[in-house]
file model-v4.cif (mmCIF, C-alpha atoms)
data_run
loop_
_atom_site.label_atom_id
_atom_site.label_comp_id
_atom_site.auth_asym_id
_atom_site.auth_seq_id
_atom_site.Cartn_x
_atom_site.Cartn_y
_atom_site.Cartn_z
CA ARG A 17 -6.07 168.66 -49.25
CA TRP A 18 -2.50 169.24 -48.17
CA ALA A 19 -3.73 171.05 -45.06
CA ALA A 20 -5.94 168.09 -44.06
CA ALA A 21 -3.05 165.69 -44.51
CA ALA A 22 -0.82 167.90 -42.37
CA ARG A 23 -3.44 167.94 -39.57
CA ARG A 24 -3.69 164.14 -39.65
CA LEU A 25 0.08 163.87 -39.43
CA GLU A 26 0.17 166.29 -36.48
CA GLN A 27 -2.55 164.27 -34.72
CA ALA A 28 -0.63 161.07 -35.35
CA ALA A 29 2.56 162.65 -34.02
CA ALA A 30 0.76 163.83 -30.88
CA THR A 31 -0.65 160.35 -30.34
CA LEU A 32 2.79 158.79 -30.75
CA GLU A 33 4.33 161.36 -28.38
CA ALA A 34 1.71 160.60 -25.71
CA ALA A 35 2.33 156.88 -26.13
CA ALA A 36 6.08 157.47 -25.82
CA ARG A 37 5.57 159.43 -22.58
CA GLN A 38 3.46 156.59 -21.15
CA ALA A 39 6.10 154.06 -22.18
CA ARG A 40 8.89 156.09 -20.53
CA ALA A 41 6.85 156.43 -17.36
CA ALA A 42 6.17 152.68 -17.29
CA ALA A 43 9.86 151.93 -17.85
CA GLN A 44 10.89 154.24 -15.01
CA SER A 45 8.36 152.58 -12.72
CA VAL A 46 9.70 149.12 -13.54
CA ARG A 47 13.31 150.25 -13.02
CA GLY A 48 12.36 151.76 -9.66
CA GLN A 49 10.78 148.50 -8.53
CA MET A 50 13.82 146.53 -9.64
CA GLN A 51 16.26 148.85 -7.86
CA ALA A 52 14.30 149.35 -4.66
CA PRO A 53 15.65 147.26 -1.77
CA GLN A 54 13.27 144.54 -0.79
CA SER A 55 11.78 144.83 2.66
CA PRO A 56 13.11 142.25 5.12
CA PRO A 57 10.67 139.52 6.07
CA ARG A 58 8.82 140.69 9.14
CA THR A 59 7.71 138.43 11.90
CA SER A 60 5.24 139.10 14.66
CA PRO A 61 4.63 137.76 18.14
CA GLN A 62 1.43 136.20 16.85
CA SER A 63 3.41 134.09 14.36
CA SER A 64 5.19 132.31 17.22
CA ARG A 65 4.60 128.59 17.37
CA VAL A 66 4.16 128.75 21.11
CA GLY A 67 0.48 128.58 21.89
CA GLY A 68 -2.02 130.26 24.16
CA ALA A 69 -1.19 130.34 27.85
CA ALA A 70 2.53 129.70 27.40
CA ARG A 71 2.84 132.58 24.94
CA LYS A 72 1.18 135.03 27.36
CA LYS A 73 3.92 134.36 29.93
CA GLN A 74 6.85 135.07 27.61
CA THR A 75 8.96 138.10 28.41
CA THR A 76 12.41 137.31 26.93
CA LEU A 77 13.24 138.40 23.39
CA MET A 78 16.17 137.54 21.18
CA LEU A 79 17.29 140.47 19.03
CA ARG A 80 19.10 139.12 15.98
CA ASN A 81 21.31 140.70 13.31
CA LEU A 82 22.86 143.38 15.51
CA PRO A 83 26.09 145.00 14.25
CA ASN A 84 29.08 142.84 15.21
CA ASN A 85 30.96 145.92 16.40
CA TYR A 86 28.11 146.69 18.78
CA SER A 87 28.58 146.31 22.53
CA ARG A 88 26.45 145.56 25.55
CA ASP A 89 26.51 149.17 26.68
CA MET A 90 25.51 150.35 23.21
CA LEU A 91 22.60 147.90 23.36
CA LEU A 92 21.51 149.30 26.72
CA GLU A 93 21.77 152.84 25.40
CA LEU A 94 19.62 151.85 22.41
CA LEU A 95 16.95 150.28 24.62
CA ASP A 96 16.82 153.38 26.82
CA LYS A 97 16.79 155.82 23.91
CA GLU A 98 13.96 153.93 22.21
CA GLY A 99 11.74 154.29 25.26
CA PHE A 100 12.38 151.10 27.27
CA LEU A 101 14.32 152.52 30.21
CA GLY A 102 12.99 150.80 33.32
CA TYR A 103 11.05 148.25 31.28
CA TYR A 104 13.69 145.50 31.09
CA ASP A 105 15.47 143.67 33.89
CA PHE A 106 18.03 141.52 32.06
CA ALA A 107 20.25 142.07 29.03
CA TYR A 108 23.08 140.05 27.52
CA TYR A 109 25.06 140.59 24.33
CA PRO A 110 27.19 137.44 23.82
CA VAL A 111 30.77 137.74 22.59
CA ASP A 112 33.31 135.47 20.94
CA PHE A 113 36.13 135.24 23.45
CA LYS A 114 38.64 134.34 20.73
CA ARG A 115 37.96 137.54 18.79
CA TRP A 116 36.55 139.58 21.68
CA ALA A 117 33.78 140.65 19.33
CA GLY A 118 30.01 140.48 19.53
CA LEU A 119 28.13 137.57 17.99
CA GLY A 120 25.44 139.78 16.51
CA TYR A 121 22.51 138.89 18.75
CA ALA A 122 21.27 139.70 22.25
CA PHE A 123 18.81 138.52 24.87
CA VAL A 124 16.62 141.01 26.69
CA ASN A 125 14.03 140.19 29.34
CA PHE A 126 11.22 142.70 29.78
CA VAL A 127 9.23 143.33 32.92
CA ASP A 128 6.02 141.82 31.55
CA HIS A 129 4.55 140.18 28.48
CA GLU A 130 2.84 143.30 27.15
CA THR A 131 6.10 145.25 27.24
CA ALA A 132 7.85 142.40 25.43
CA LEU A 133 5.20 142.56 22.71
CA ARG A 134 5.69 146.32 22.42
CA ALA A 135 9.45 145.87 22.15
CA TRP A 136 9.01 143.17 19.51
CA ARG A 137 6.89 145.45 17.34
CA HIS A 138 9.26 148.36 17.87
CA PHE A 139 12.53 146.59 17.07
CA GLU A 140 11.41 144.22 14.31
CA GLY A 141 12.93 145.77 11.17
CA PHE A 142 14.90 148.39 13.16
CA ALA A 143 17.93 149.77 11.30
CA SER A 144 18.50 153.30 12.70
CA TRP A 145 21.99 152.72 14.07
CA ASP A 146 24.31 155.35 15.50
CA LEU A 147 27.18 153.70 13.62
CA PRO A 148 27.60 152.70 9.97
CA SER A 149 25.64 149.48 9.46
CA GLN A 150 23.06 148.12 7.04
CA LYS A 151 21.88 145.40 9.37
CA VAL A 152 18.18 145.06 10.12
CA ILE A 153 17.00 143.61 13.44
CA GLY A 154 14.93 140.45 13.51
CA VAL A 155 13.08 139.52 16.69
CA CYS A 156 11.95 136.21 18.14
CA TRP A 157 11.10 134.79 21.54
CA GLY A 158 14.11 133.71 23.56
CA SER A 159 14.47 129.94 23.58
CA PRO A 160 14.81 127.90 25.67
CA LEU A 161 15.23 130.58 28.36
CA GLN A 162 12.22 132.68 29.35
CA GLY A 163 11.98 135.07 32.26
CA LEU A 164 14.43 136.75 34.59
CA SER A 165 14.93 133.71 36.81
CA GLU A 166 15.81 131.34 33.98
CA CYS A 167 18.16 133.89 32.40
CA THR A 168 20.08 134.60 35.60
CA ASP A 169 20.22 130.91 36.55
CA ARG A 170 21.69 130.11 33.15
CA TYR A 171 24.50 132.66 33.37
CA ARG A 172 25.33 132.97 37.07
CA ASN A 173 27.74 130.00 36.78
CA SER A 174 28.80 130.72 33.20
CA ALA A 175 32.42 131.40 32.25
CA VAL A 176 31.37 134.87 31.15
CA MET A 177 30.91 135.77 34.83
CA HIS A 178 34.55 134.96 35.68
CA GLU A 179 36.34 137.83 37.43
CA ASP A 180 38.90 138.08 34.61
CA VAL A 181 36.22 138.77 32.00
CA PRO A 182 35.71 142.53 31.48
CA ASP A 183 32.46 143.79 32.94
CA TYR A 184 31.21 145.16 29.61
CA PHE A 185 31.02 141.58 28.25
CA LYS A 186 28.83 140.31 31.08
CA PRO A 187 25.06 140.02 31.31
CA VAL A 188 23.42 142.60 33.54
CA VAL A 189 20.37 142.77 35.78
CA PHE A 190 18.22 145.83 36.53
CA CYS A 191 15.51 146.85 38.95
CA ASN A 192 13.37 149.89 38.10
CA GLY A 193 15.95 151.01 35.57
CA CYS A 194 18.93 150.80 37.93
CA ARG A 195 21.61 148.16 37.61
CA VAL A 196 21.75 145.74 40.55
CA GLU A 197 24.18 143.02 41.50
CA PHE A 198 23.99 139.86 39.43
CA PRO A 199 23.03 136.74 41.45
CA ALA A 200 26.13 135.15 42.93
CA PRO A 201 27.48 131.91 41.41
CA THR A 202 26.71 128.63 43.13
CA LYS A 203 29.93 126.92 42.03
CA SER A 204 33.46 127.72 40.88
CA ILE A 205 33.58 129.58 37.56
CA ARG A 206 36.17 128.67 34.97
CA ASN A 207 38.01 131.32 32.98
CA PRO A 208 36.87 131.01 29.33
CA ARG A 209 40.43 131.52 28.09
CA TRP A 210 41.42 128.21 29.70
CA ARG A 211 38.86 126.09 27.93
CA HIS A 212 41.06 124.82 25.13
CA LYS A 213 44.31 124.45 27.05
#
call {"tool": "encode", "arguments": {"input": "model-v4.cif", "output": "C-alpha coordinates"}}
result
Amino acid sequence: RWAAAARRLEQAAATLEAAARQARAAAQSVRGQMQAPQSPPRTSPQSSRVGGAARKKQTTLMLRNLPNNYSRDMLLELLDKEGFLGYYDFAYYPVDFKRWAGLGYAFVNFVDHETALRAWRHFEGFASWDLPSQKVIGVCWGSPLQGLSECTDRYRNSAVMHEDVPDYFKPVVFCNGCRVEFPAPTKSIRNPRWRHK
(Lines of atoms letter the chains of each structure in order from A and count residues from 1; the text may use other names and numbers.)
(Lines give C-alpha, C1' and ligand atoms only; values in the text may rest on other atoms or scores of the structure.)
Protein backbone atom coordinates (compact mmCIF):
# COMPACT_ATOMS: atom_id res chain seq x y z
CA ARG A 1 0.00 0.00 0.00
CA TRP A 2 2.81 2.38 0.85
CA ALA A 3 4.50 1.59 -2.46
CA ALA A 4 1.32 2.44 -4.42
CA ALA A 5 0.98 5.73 -2.58
CA ALA A 6 4.61 6.58 -3.32
CA ARG A 7 4.07 5.90 -7.06
CA ARG A 8 1.01 8.18 -7.10
CA LEU A 9 3.01 10.91 -5.41
CA GLU A 10 5.85 10.52 -7.93
CA GLN A 11 3.35 10.73 -10.80
CA ALA A 12 1.80 13.83 -9.28
CA ALA A 13 5.23 15.40 -8.84
CA ALA A 14 6.12 14.65 -12.46
CA THR A 15 2.86 16.19 -13.62
CA LEU A 16 3.48 19.31 -11.54
CA GLU A 17 7.07 19.56 -12.83
CA ALA A 18 5.88 19.35 -16.45
CA ALA A 19 3.26 22.02 -15.77
CA ALA A 20 5.93 24.21 -14.16
CA ARG A 21 8.17 23.85 -17.22
CA GLN A 22 5.29 24.85 -19.50
CA ALA A 23 4.52 27.84 -17.29
CA ARG A 24 8.17 28.99 -17.33
CA ALA A 25 8.30 28.63 -21.09
CA ALA A 26 5.10 30.65 -21.48
CA ALA A 27 6.43 33.34 -19.15
CA GLN A 28 9.68 33.61 -21.10
CA SER A 29 7.73 33.90 -24.34
CA VAL A 30 5.59 36.72 -22.95
CA ARG A 31 8.65 38.55 -21.59
CA GLY A 32 10.35 38.23 -24.98
CA GLN A 33 7.35 39.75 -26.74
CA MET A 34 7.21 42.60 -24.25
CA GLN A 35 10.92 43.37 -24.58
CA ALA A 36 11.23 42.99 -28.33
CA PRO A 37 11.34 46.34 -30.15
CA GLN A 38 8.24 46.91 -32.18
CA SER A 39 8.74 47.06 -35.91
CA PRO A 40 8.32 50.55 -37.37
CA PRO A 41 5.19 51.09 -39.40
CA ARG A 42 6.02 50.29 -43.00
CA THR A 43 4.57 52.09 -45.93
CA SER A 44 4.58 51.08 -49.56
CA PRO A 45 4.34 52.89 -52.87
CA GLN A 46 0.93 51.30 -53.35
CA SER A 47 -0.36 53.02 -50.20
CA SER A 48 0.22 56.44 -51.77
CA ARG A 49 -2.89 58.53 -52.19
CA VAL A 50 -1.81 59.57 -55.65
CA GLY A 51 -3.76 57.56 -58.16
CA GLY A 52 -3.16 55.70 -61.39
CA ALA A 53 -1.44 57.60 -64.17
CA ALA A 54 0.03 60.28 -61.91
CA ARG A 55 1.60 57.68 -59.64
CA LYS A 56 3.30 55.92 -62.57
CA LYS A 57 5.17 59.13 -63.42
CA GLN A 58 6.61 59.71 -59.94
CA THR A 59 10.36 59.44 -59.59
CA THR A 60 11.23 61.64 -56.59
CA LEU A 61 11.38 60.13 -53.11
CA MET A 62 11.67 61.77 -49.72
CA LEU A 63 13.83 59.78 -47.31
CA ARG A 64 12.84 60.68 -43.76
CA ASN A 65 14.42 60.08 -40.35
CA LEU A 66 18.04 60.20 -41.48
CA PRO A 67 20.69 60.78 -38.78
CA ASN A 68 21.04 64.52 -38.11
CA ASN A 69 24.83 64.20 -38.20
CA TYR A 70 24.57 62.75 -41.70
CA SER A 71 25.77 64.74 -44.71
CA ARG A 72 24.97 64.98 -48.39
CA ASP A 73 28.11 63.10 -49.34
CA MET A 74 27.32 60.35 -46.84
CA LEU A 75 23.87 60.09 -48.43
CA LEU A 76 25.40 59.75 -51.89
CA GLU A 77 27.81 57.11 -50.62
CA LEU A 78 24.89 55.20 -49.11
CA LEU A 79 22.90 55.32 -52.35
CA ASP A 80 25.89 54.06 -54.33
CA LYS A 81 26.78 51.34 -51.83
CA GLU A 82 23.21 50.05 -51.77
CA GLY A 83 23.21 49.53 -55.53
CA PHE A 84 21.80 52.79 -56.93
CA LEU A 85 24.92 54.27 -58.52
CA GLY A 86 23.87 55.70 -61.87
CA TYR A 87 20.18 55.31 -61.07
CA TYR A 88 19.52 58.75 -59.56
CA ASP A 89 20.04 62.19 -61.09
CA PHE A 90 19.26 64.57 -58.22
CA ALA A 91 19.95 64.51 -54.49
CA TYR A 92 19.52 67.10 -51.76
CA TYR A 93 20.02 66.83 -48.01
CA PRO A 94 18.66 70.08 -46.49
CA VAL A 95 20.51 71.76 -43.64
CA ASP A 96 19.68 74.28 -40.92
CA PHE A 97 21.91 77.24 -41.68
CA LYS A 98 21.76 78.43 -38.07
CA ARG A 99 23.18 75.17 -36.74
CA TRP A 100 24.87 74.01 -39.95
CA ALA A 101 23.36 70.61 -39.32
CA GLY A 102 21.17 68.31 -41.37
CA LEU A 103 17.40 68.39 -40.97
CA GLY A 104 17.09 64.61 -41.05
CA TYR A 105 15.48 64.13 -44.45
CA ALA A 106 16.53 64.12 -48.10
CA PHE A 107 15.08 64.28 -51.60
CA VAL A 108 16.34 61.91 -54.28
CA ASN A 109 15.11 61.76 -57.87
CA PHE A 110 15.58 58.46 -59.66
CA VAL A 111 15.95 57.94 -63.38
CA ASP A 112 12.55 56.29 -63.79
CA HIS A 113 9.48 55.22 -61.87
CA GLU A 114 10.46 51.56 -61.58
CA THR A 115 13.80 52.46 -60.03
CA ALA A 116 12.04 54.77 -57.58
CA LEU A 117 9.79 51.89 -56.55
CA ARG A 118 12.82 49.65 -56.08
CA ALA A 119 14.52 52.31 -53.95
CA TRP A 120 11.36 52.77 -51.88
CA ARG A 121 11.20 49.06 -51.07
CA HIS A 122 14.92 48.93 -50.36
CA PHE A 123 15.16 51.92 -48.02
CA GLU A 124 11.84 51.67 -46.18
CA GLY A 125 12.86 50.47 -42.71
CA PHE A 126 16.60 50.82 -43.46
CA ALA A 127 18.76 51.19 -40.33
CA SER A 128 22.21 49.81 -41.26
CA TRP A 129 24.18 53.00 -40.70
CA ASP A 130 27.96 53.36 -40.79
CA LEU A 131 27.71 55.61 -37.72
CA PRO A 132 26.00 55.14 -34.34
CA SER A 133 22.29 55.75 -34.87
CA GLN A 134 19.02 54.01 -34.07
CA LYS A 135 17.04 55.90 -36.67
CA VAL A 136 14.93 53.97 -39.17
CA ILE A 137 14.24 55.41 -42.63
CA GLY A 138 10.70 56.13 -43.71
CA VAL A 139 9.98 56.74 -47.39
CA CYS A 140 7.29 58.70 -49.20
CA TRP A 141 6.83 60.37 -52.56
CA GLY A 142 8.36 63.81 -52.80
CA SER A 143 5.71 66.51 -52.63
CA PRO A 144 5.02 68.86 -54.26
CA LEU A 145 8.17 68.42 -56.39
CA GLN A 146 8.38 65.46 -58.76
CA GLY A 147 11.01 64.86 -61.40
CA LEU A 148 14.42 66.27 -62.20
CA SER A 149 13.11 69.42 -63.86
CA GLU A 150 10.89 70.46 -60.96
CA CYS A 151 13.64 69.74 -58.43
CA THR A 152 16.29 71.77 -60.23
CA ASP A 153 13.88 74.61 -60.98
CA ARG A 154 13.00 74.80 -57.30
CA TYR A 155 16.60 75.07 -56.09
CA ARG A 156 18.50 76.83 -58.87
CA ASN A 157 17.50 80.23 -57.41
CA SER A 158 17.49 79.09 -53.78
CA ALA A 159 19.74 80.66 -51.15
CA VAL A 160 21.43 77.30 -50.73
CA MET A 161 23.05 77.82 -54.15
CA HIS A 162 24.76 81.06 -53.06
CA GLU A 163 28.51 81.04 -53.69
CA ASP A 164 29.23 81.48 -49.96
CA VAL A 165 27.41 78.27 -49.05
CA PRO A 166 29.81 75.30 -48.87
CA ASP A 167 29.41 72.90 -51.76
CA TYR A 168 28.66 69.92 -49.51
CA PHE A 169 25.40 71.60 -48.42
CA LYS A 170 24.11 72.07 -51.96
CA PRO A 171 21.83 69.86 -54.05
CA VAL A 172 23.60 67.97 -56.81
CA VAL A 173 22.73 66.71 -60.28
CA PHE A 174 24.08 63.60 -62.01
CA CYS A 175 24.11 62.08 -65.46
CA ASN A 176 24.94 58.37 -65.81
CA GLY A 177 26.42 58.37 -62.33
CA CYS A 178 28.71 61.37 -62.89
CA ARG A 179 28.11 64.72 -61.26
CA VAL A 180 27.31 67.51 -63.72
CA GLU A 181 26.91 71.24 -63.32
CA PHE A 182 23.73 72.38 -61.62
CA PRO A 183 21.48 74.54 -63.83
CA ALA A 184 22.50 78.18 -63.56
CA PRO A 185 20.30 80.59 -61.56
CA THR A 186 17.94 82.87 -63.42
CA LYS A 187 18.10 85.68 -60.84
CA SER A 188 20.32 87.04 -58.09
CA ILE A 189 20.73 84.64 -55.16
CA ARG A 190 20.66 85.94 -51.62
CA ASN A 191 23.07 84.66 -48.99
CA PRO A 192 21.01 82.72 -46.39
CA ARG A 193 23.01 84.26 -43.53
CA TRP A 194 21.57 87.67 -44.42
CA ARG A 195 17.95 86.69 -44.16
CA HIS A 196 17.31 87.89 -40.63
CA LYS A 197 19.48 91.01 -40.67
call {"tool": "axis_aligned_box", "arguments": {"input": "model-v4.cif", "around": "region 128-142 of chain A", "padding_each_side": "6 Å", "output": "AutoDock Vina command-line options"}}
result
--center_x 8.9 --center_y 144.3 --center_z 21.4 --size_x 24.1 --size_y 20.2 --size_z 32.4
call {"tool": "resolve_selection", "arguments": {"input": "model-v4.cif", "expression": "the PyMOL selection byres ((chain A and resi 124) around 12)", "output": "PyMOL selection string"}}
result
chain A and resi 74-80+88+91-92+95+100+103-110+121-123+125-128+131-132+135-136+139+155-159+161-164+167-168+187-190
call {"tool": "resolve_selection", "arguments": {"input": "model-v4.cif", "expression": "the PyMOL selection byres ((chain A and resi 183) around 12)", "output": "PyMOL selection string"}}
result
chain A and resi 87-89+108-109+176-182+184-188+197-198
call {"tool": "resolve_selection", "arguments": {"input": "model-v4.cif", "expression": "the PyMOL selection byres ((chain A and resi 174) around 9)", "output": "ChimeraX atom specification"}}
result
/A:170-173,175-178,201,205-206,208
call {"tool": "residues_around", "arguments": {"input": "model-v4.cif", "residues": "Leu119 (chain A)", "least_positions_apart": "4", "cutoff": "9 Å", "atoms": "all atoms listed in the file", "output": "list in words"}}
result
Asn81, Leu82, Pro83, Asn84, Asn85, Tyr109, Pro110, Val111 and Asp112 of chain A
call {"tool": "atom_distance", "arguments": {"input": "model-v4.cif", "atom1": "CA of Gln150 (chain A)", "atom2": "CA of Asp96 (chain A)"}}
result
21.4 Å
call {"tool": "residues_around", "arguments": {"input": "model-v4.cif", "residues": "Ala143 (chain A)", "least_positions_apart": "5", "cutoff": "8 Å", "atoms": "only C-alpha atoms", "output": "list in words"}}
result
Ser149, Gln150, Lys151, Val152 and Ile153 of chain A
call {"tool": "write_last_selection", "arguments": {"input": "model-v4.cif", "atoms": "C-alpha atoms", "output": "PDB file, keeping the file's coordinate frame"}}
result
ATOM      1  CA  SER A 149      25.640 149.480   9.460  1.00  0.00           C
ATOM      2  CA  GLN A 150      23.060 148.120   7.040  1.00  0.00           C
ATOM      3  CA  LYS A 151      21.880 145.400   9.370  1.00  0.00           C
ATOM      4  CA  VAL A 152      18.180 145.060  10.120  1.00  0.00           C
ATOM      5  CA  ILE A 153      17.000 143.610  13.440  1.00  0.00           C
TER       6      ILE A 153
END
call {"tool": "atom_distance", "arguments": {"input": "model-v4.cif", "atom1": "CA of Trp145 (chain A)", "atom2": "CA of Leu94 (chain A)"}}
result
8.7 Å
call {"tool": "atom_distance", "arguments": {"input": "model-v4.cif", "atom1": "CA of Asp169 (chain A)", "atom2": "CA of Gly99 (chain A)"}}
result
27.3 Å
call {"tool": "decode", "arguments": {"input": "model-v4.cif", "residues": "region 109-122 of chain A", "atoms": "all heavy atoms", "output": "PDB file, in the first residue's frame"}}
result
ATOM      1  N   TYR A 109      20.174  67.057 -49.449  1.00  0.00           N
ATOM      2  CA  TYR A 109      20.019  66.829 -48.009  1.00  0.00           C
ATOM      3  C   TYR A 109      19.974  68.194 -47.332  1.00  0.00           C
ATOM      4  O   TYR A 109      21.010  68.807 -47.085  1.00  0.00           O
ATOM      5  CB  TYR A 109      21.190  65.996 -47.489  1.00  0.00           C
ATOM      6  CG  TYR A 109      21.102  65.641 -46.019  1.00  0.00           C
ATOM      7  CD1 TYR A 109      20.054  64.864 -45.544  1.00  0.00           C
ATOM      8  CD2 TYR A 109      22.070  66.063 -45.115  1.00  0.00           C
ATOM      9  CE1 TYR A 109      19.969  64.529 -44.202  1.00  0.00           C
ATOM     10  CE2 TYR A 109      21.994  65.736 -43.768  1.00  0.00           C
ATOM     11  CZ  TYR A 109      20.939  64.972 -43.328  1.00  0.00           C
ATOM     12  OH  TYR A 109      20.853  64.640 -41.993  1.00  0.00           O
ATOM     13  N   PRO A 110      18.782  68.722 -47.041  1.00  0.00           N
ATOM     14  CA  PRO A 110      18.660  70.079 -46.492  1.00  0.00           C
ATOM     15  C   PRO A 110      19.346  70.241 -45.140  1.00  0.00           C
ATOM     16  O   PRO A 110      19.414  69.294 -44.345  1.00  0.00           O
ATOM     17  CB  PRO A 110      17.142  70.266 -46.361  1.00  0.00           C
ATOM     18  CG  PRO A 110      16.544  69.293 -47.320  1.00  0.00           C
ATOM     19  CD  PRO A 110      17.471  68.113 -47.295  1.00  0.00           C
ATOM     20  N   VAL A 111      19.830  71.456 -44.902  1.00  0.00           N
ATOM     21  CA  VAL A 111      20.505  71.764 -43.636  1.00  0.00           C
ATOM     22  C   VAL A 111      19.881  72.993 -42.992  1.00  0.00           C
ATOM     23  O   VAL A 111      19.258  73.828 -43.659  1.00  0.00           O
ATOM     24  CB  VAL A 111      22.012  72.019 -43.846  1.00  0.00           C
ATOM     25  CG1 VAL A 111      22.694  70.786 -44.403  1.00  0.00           C
ATOM     26  CG2 VAL A 111      22.240  73.214 -44.760  1.00  0.00           C
ATOM     27  N   ASP A 112      20.066  73.095 -41.692  1.00  0.00           N
ATOM     28  CA  ASP A 112      19.681  74.277 -40.922  1.00  0.00           C
ATOM     29  C   ASP A 112      20.892  75.203 -40.916  1.00  0.00           C
ATOM     30  O   ASP A 112      21.930  74.872 -40.339  1.00  0.00           O
ATOM     31  CB  ASP A 112      19.303  73.856 -39.507  1.00  0.00           C
ATOM     32  CG  ASP A 112      18.899  75.026 -38.625  1.00  0.00           C
ATOM     33  OD1 ASP A 112      19.147  76.191 -39.011  1.00  0.00           O
ATOM     34  OD2 ASP A 112      18.334  74.782 -37.545  1.00  0.00           O
ATOM     35  N   PHE A 113      20.759  76.354 -41.559  1.00  0.00           N
ATOM     36  CA  PHE A 113      21.913  77.241 -41.685  1.00  0.00           C
ATOM     37  C   PHE A 113      22.293  77.907 -40.362  1.00  0.00           C
ATOM     38  O   PHE A 113      23.381  78.448 -40.230  1.00  0.00           O
ATOM     39  CB  PHE A 113      21.636  78.314 -42.745  1.00  0.00           C
ATOM     40  CG  PHE A 113      21.647  77.766 -44.145  1.00  0.00           C
ATOM     41  CD1 PHE A 113      20.482  77.761 -44.902  1.00  0.00           C
ATOM     42  CD2 PHE A 113      22.790  77.248 -44.697  1.00  0.00           C
ATOM     43  CE1 PHE A 113      20.480  77.254 -46.182  1.00  0.00           C
ATOM     44  CE2 PHE A 113      22.796  76.738 -45.977  1.00  0.00           C
ATOM     45  CZ  PHE A 113      21.637  76.739 -46.725  1.00  0.00           C
ATOM     46  N   LYS A 114      21.401  77.884 -39.384  1.00  0.00           N
ATOM     47  CA  LYS A 114      21.756  78.434 -38.071  1.00  0.00           C
ATOM     48  C   LYS A 114      22.675  77.480 -37.324  1.00  0.00           C
ATOM     49  O   LYS A 114      23.588  77.889 -36.617  1.00  0.00           O
ATOM     50  CB  LYS A 114      20.490  78.694 -37.246  1.00  0.00           C
ATOM     51  CG  LYS A 114      19.618  79.816 -37.782  1.00  0.00           C
ATOM     52  CD  LYS A 114      18.409  80.029 -36.880  1.00  0.00           C
ATOM     53  CE  LYS A 114      17.536  81.161 -37.397  1.00  0.00           C
ATOM     54  NZ  LYS A 114      16.329  81.363 -36.535  1.00  0.00           N
ATOM     55  N   ARG A 115      22.384  76.174 -37.452  1.00  0.00           N
ATOM     56  CA  ARG A 115      23.180  75.170 -36.741  1.00  0.00           C
ATOM     57  C   ARG A 115      24.182  74.475 -37.656  1.00  0.00           C
ATOM     58  O   ARG A 115      25.045  73.746 -37.187  1.00  0.00           O
ATOM     59  CB  ARG A 115      22.250  74.110 -36.129  1.00  0.00           C
ATOM     60  CG  ARG A 115      21.260  74.635 -35.132  1.00  0.00           C
ATOM     61  CD  ARG A 115      20.430  73.505 -34.516  1.00  0.00           C
ATOM     62  NE  ARG A 115      19.630  72.811 -35.519  1.00  0.00           N
ATOM     63  CZ  ARG A 115      19.822  71.553 -35.874  1.00  0.00           C
ATOM     64  NH1 ARG A 115      20.792  70.849 -35.328  1.00  0.00           N
ATOM     65  NH2 ARG A 115      19.058  70.980 -36.790  1.00  0.00           N
ATOM     66  N   TRP A 116      24.056  74.703 -38.962  1.00  0.00           N
ATOM     67  CA  TRP A 116      24.871  74.015 -39.953  1.00  0.00           C
ATOM     68  C   TRP A 116      24.797  72.500 -39.719  1.00  0.00           C
ATOM     69  O   TRP A 116      25.812  71.797 -39.687  1.00  0.00           O
ATOM     70  CB  TRP A 116      26.322  74.508 -39.923  1.00  0.00           C
ATOM     71  CG  TRP A 116      26.434  75.938 -40.312  1.00  0.00           C
ATOM     72  CD1 TRP A 116      26.581  76.995 -39.486  1.00  0.00           C
ATOM     73  CD2 TRP A 116      26.364  76.482 -41.637  1.00  0.00           C
ATOM     74  NE1 TRP A 116      26.607  78.168 -40.206  1.00  0.00           N
ATOM     75  CE2 TRP A 116      26.478  77.879 -41.524  1.00  0.00           C
ATOM     76  CE3 TRP A 116      26.204  75.919 -42.907  1.00  0.00           C
ATOM     77  CZ2 TRP A 116      26.440  78.714 -42.630  1.00  0.00           C
ATOM     78  CZ3 TRP A 116      26.169  76.759 -44.008  1.00  0.00           C
ATOM     79  CH2 TRP A 116      26.296  78.150 -43.863  1.00  0.00           C
ATOM     80  N   ALA A 117      23.579  72.033 -39.550  1.00  0.00           N
ATOM     81  CA  ALA A 117      23.355  70.607 -39.317  1.00  0.00           C
ATOM     82  C   ALA A 117      22.202  70.138 -40.197  1.00  0.00           C
ATOM     83  O   ALA A 117      21.310  70.923 -40.551  1.00  0.00           O
ATOM     84  CB  ALA A 117      23.028  70.348 -37.847  1.00  0.00           C
ATOM     85  N   GLY A 118      22.213  68.873 -40.540  1.00  0.00           N
ATOM     86  CA  GLY A 118      21.169  68.309 -41.374  1.00  0.00           C
ATOM     87  C   GLY A 118      19.815  68.308 -40.689  1.00  0.00           C
ATOM     88  O   GLY A 118      19.720  68.245 -39.460  1.00  0.00           O
ATOM     89  N   LEU A 119      18.761  68.376 -41.491  1.00  0.00           N
ATOM     90  CA  LEU A 119      17.397  68.388 -40.968  1.00  0.00           C
ATOM     91  C   LEU A 119      16.799  66.982 -40.846  1.00  0.00           C
ATOM     92  O   LEU A 119      15.660  66.832 -40.412  1.00  0.00           O
ATOM     93  CB  LEU A 119      16.501  69.252 -41.864  1.00  0.00           C
ATOM     94  CG  LEU A 119      16.879  70.738 -41.921  1.00  0.00           C
ATOM     95  CD1 LEU A 119      15.955  71.486 -42.872  1.00  0.00           C
ATOM     96  CD2 LEU A 119      16.826  71.360 -40.530  1.00  0.00           C
ATOM     97  N   GLY A 120      17.545  65.973 -41.256  1.00  0.00           N
ATOM     98  CA  GLY A 120      17.090  64.615 -41.045  1.00  0.00           C
ATOM     99  C   GLY A 120      16.247  64.030 -42.164  1.00  0.00           C
ATOM    100  O   GLY A 120      15.646  62.969 -41.991  1.00  0.00           O
ATOM    101  N   TYR A 121      16.203  64.691 -43.308  1.00  0.00           N
ATOM    102  CA  TYR A 121      15.479  64.126 -44.450  1.00  0.00           C
ATOM    103  C   TYR A 121      16.194  64.536 -45.735  1.00  0.00           C
ATOM    104  O   TYR A 121      17.024  65.449 -45.738  1.00  0.00           O
ATOM    105  CB  TYR A 121      14.017  64.575 -44.485  1.00  0.00           C
ATOM    106  CG  TYR A 121      13.817  66.070 -44.613  1.00  0.00           C
ATOM    107  CD1 TYR A 121      13.735  66.676 -45.861  1.00  0.00           C
ATOM    108  CD2 TYR A 121      13.716  66.878 -43.486  1.00  0.00           C
ATOM    109  CE1 TYR A 121      13.559  68.050 -45.989  1.00  0.00           C
ATOM    110  CE2 TYR A 121      13.539  68.248 -43.599  1.00  0.00           C
ATOM    111  CZ  TYR A 121      13.458  68.829 -44.846  1.00  0.00           C
ATOM    112  OH  TYR A 121      13.287  70.186 -44.965  1.00  0.00           O
ATOM    113  N   ALA A 122      15.871  63.841 -46.824  1.00  0.00           N
ATOM    114  CA  ALA A 122      16.535  64.125 -48.103  1.00  0.00           C
ATOM    115  C   ALA A 122      15.568  63.852 -49.237  1.00  0.00           C
ATOM    116  O   ALA A 122      14.604  63.091 -49.099  1.00  0.00           O
ATOM    117  CB  ALA A 122      17.778  63.260 -48.260  1.00  0.00           C
TER     118      ALA A 122
END
